[in-house]
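Here is the structure we will look at.
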Amino acid sequence: MSHKAGFVNIIGYPNVGKSTLMNALVGEKLSIITSKAQTTRHRIMGIVNGEGFQIVYSDTPGIVRNPSYKMHEYMNKYIDSAITDADIILLMTETKLQFEETGIIEKLISSGTPVIVLINKIDLSDQEKVANEIVYWETKLPGAEVIPISALESFNITKVFDTIIEKLPESPAYYDKDAITDRSMRFFVSEIIREKILLNYKKEIPYIVEVAIETYKEEKKLIRIASIIFVSRESQKAIMLGHQGNAIKKTATQARKDIEAFVGKKVFLETTIKVKKDWRDSENMLRQFGYDH
């Protein structure tokens with residue numbers, strides 16, 4: 001019996017719903033989903049297995065139009081590599097969005113890789129706009145399959161899945177058939193903490209924060225986790241702590257509950273805030289946080 005397998009990489013601007021789509025396709029909450037831009041900073045792999053197939057999804061960071069920091073440059077590099085190492089590319093957009101990255105369109109055409117254009121959030125648009133958008137993308141990327149979807153409402157997700165299976169190359173599985181991701185538990189714990197920071201803090205705070213897991217110890221009835229939240233300035237540390245430490249306590253409690261649901265076990269979570277000036281431009285710090293993977 002033949003077996004299909006391949007790498008399906010999702011690219012697009014921040015906030016178009018890439019993480020929501022990946023979670024809908026994989027059926028696990030693997031990627032951060034908030035209404036703030038740049039929530040996913042790393043490529044996150046989710047693996048879907050069936051009797052005759054294995055799909056390895058990769059949710060990339062949103063395309064940064066004008067990179068301000070070395071971190072943004074690293075994030076954009078993930079997108080370049082996502083185009084070159086994919087078997088299928090899912091290009092995600094929405095009706096009201098002007099896609100200005102002509103360089104990416106050119107790379108997609110020259111790659112020769114099958115492209116599926118997903119026009120997301122069609123539940124927030126009218127039929128005429130959606131129809132115009134389909135024609136626009138069919139002209140822009142000749143040969144690409146264009147599918148209107150709503151990742152949040154799971155509309156047309158089955159059609160996306162069926163199209164992926166149809167275009168998937170014949171290949172043995174790349175990973176264990178019971179795997180759902182190539183990422184470690186530490187990675188997901190740090191992402192859950194970062195998600196809560198995105199939800200609880202305003203303005204620039206979520207974007208100057210990085211989370212590192214110092215220790216992850218699994219005991220019989222409990223998992224002990226020590227995390228460090230890095231910020232760039234002392235003033236940011238004060239905002240993170242909040243009055244009498246209330247802000248960080250609230251964030252840590254929310255994170256702990258989500259981590260417990262994710263790992264299926266009681267968790268003791270310790271959070272420490274450290275100031276590391278200009279970490280977003282430090283090669284060593286970015287390497288430590290996994291930006292060169």
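Residue numbering restarts at 1 in every chain; chains get A, B, ... in the order shown in the structure tokens, and ligands count up from 1 in that same order.
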So which residues of range 80-207 of chain A fall under strand (DSSP E) by DSSP, listed as number ranges by chain? A: 88-94, 115-120, 145-148
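You can rank A:Thr271, A:Ser190, A:Ser81, A:Asn120 by their closest distance to Asp258 in chain A using only C-alpha atoms, and at the top of that list sits A:Ser190.
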With a distance cut-off of 8 Å and only C-alpha atoms, select the neighbouring residues of range 140-152 of chain A, excluding the residue or stretch itself and same-chain residues fewer than 4 positions from it, and output the selection as a list in words.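 Final neighbour list, sorted by chain and number: Gly17, Thr20, Leu21, Ala24, Ile105, Ile109, Pro114, Val115, Ile116, Val117, Leu118, Ile119, Asn120, Lys121, Ile122, Asp123, Val130, Ile134, Tyr136, Asn156, Ile157 and Val160 of chain A.
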Hey, what's within 6 Å of Ile55 in chain A if we count only C-alpha atoms and toss same-chain stuff fewer than 6 positions away? As a CSV table (one decimal) with C-alpha atoms, in the first residue's frame, please?
```
chain,number,residue,atom,x,y,z
A,5,ALA,CA,4.2,12.3,3.4
A,6,GLY,CA,5.5,15.8,3.2
A,47,ILE,CA,2.3,16.5,12.7
A,48,VAL,CA,-0.9,14.8,11.5
```
Using DSSP secondary structure from the backbone, list all alpha helix (DSSP H) positions within range 205-283 of chain A, as a count of residues only. 27
Would you kindly return, as a PyMOL selection string, each protein, DNA or RNA residue with an atom no farther than 12 Å from any atom of Lys265 in chain A, considering only C-alpha atoms and excluding same-chain residues fewer than 2 positions away? chain A and resi 218-224+256-263+267-268
Just C-alpha atoms for this one: save the residues we selected as a CSV table (one decimal), in the first residue's frame.
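Heads up, here's the output in again05.csv:
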```
chain,number,residue,atom,x,y,z
A,218,GLU,CA,9.0,15.8,36.3
A,219,GLU,CA,8.2,14.1,39.6
A,220,LYS,CA,5.6,11.4,40.3
A,221,LYS,CA,2.7,13.7,41.0
A,222,LEU,CA,4.1,17.1,40.0
A,223,ILE,CA,6.1,19.0,37.4
A,224,ARG,CA,8.4,21.7,38.8
A,256,ARG,CA,0.2,27.4,35.2
A,257,LYS,CA,-3.5,26.4,34.6
A,258,ASP,CA,-2.9,26.1,30.8
A,259,ILE,CA,0.3,24.2,31.3
A,260,GLU,CA,-1.5,21.7,33.6
A,261,ALA,CA,-4.2,21.2,31.0
A,262,PHE,CA,-1.4,20.7,28.3
A,263,VAL,CA,0.7,18.2,30.3
A,267,VAL,CA,2.5,22.0,38.0
A,268,PHE,CA,4.6,24.2,40.3
```
Straight-line distance linking CA of Lys196 in chain A with CA of Thr251 in chain A, stated in Å to one decimal: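 These two atoms are separated by 5.7 Å.
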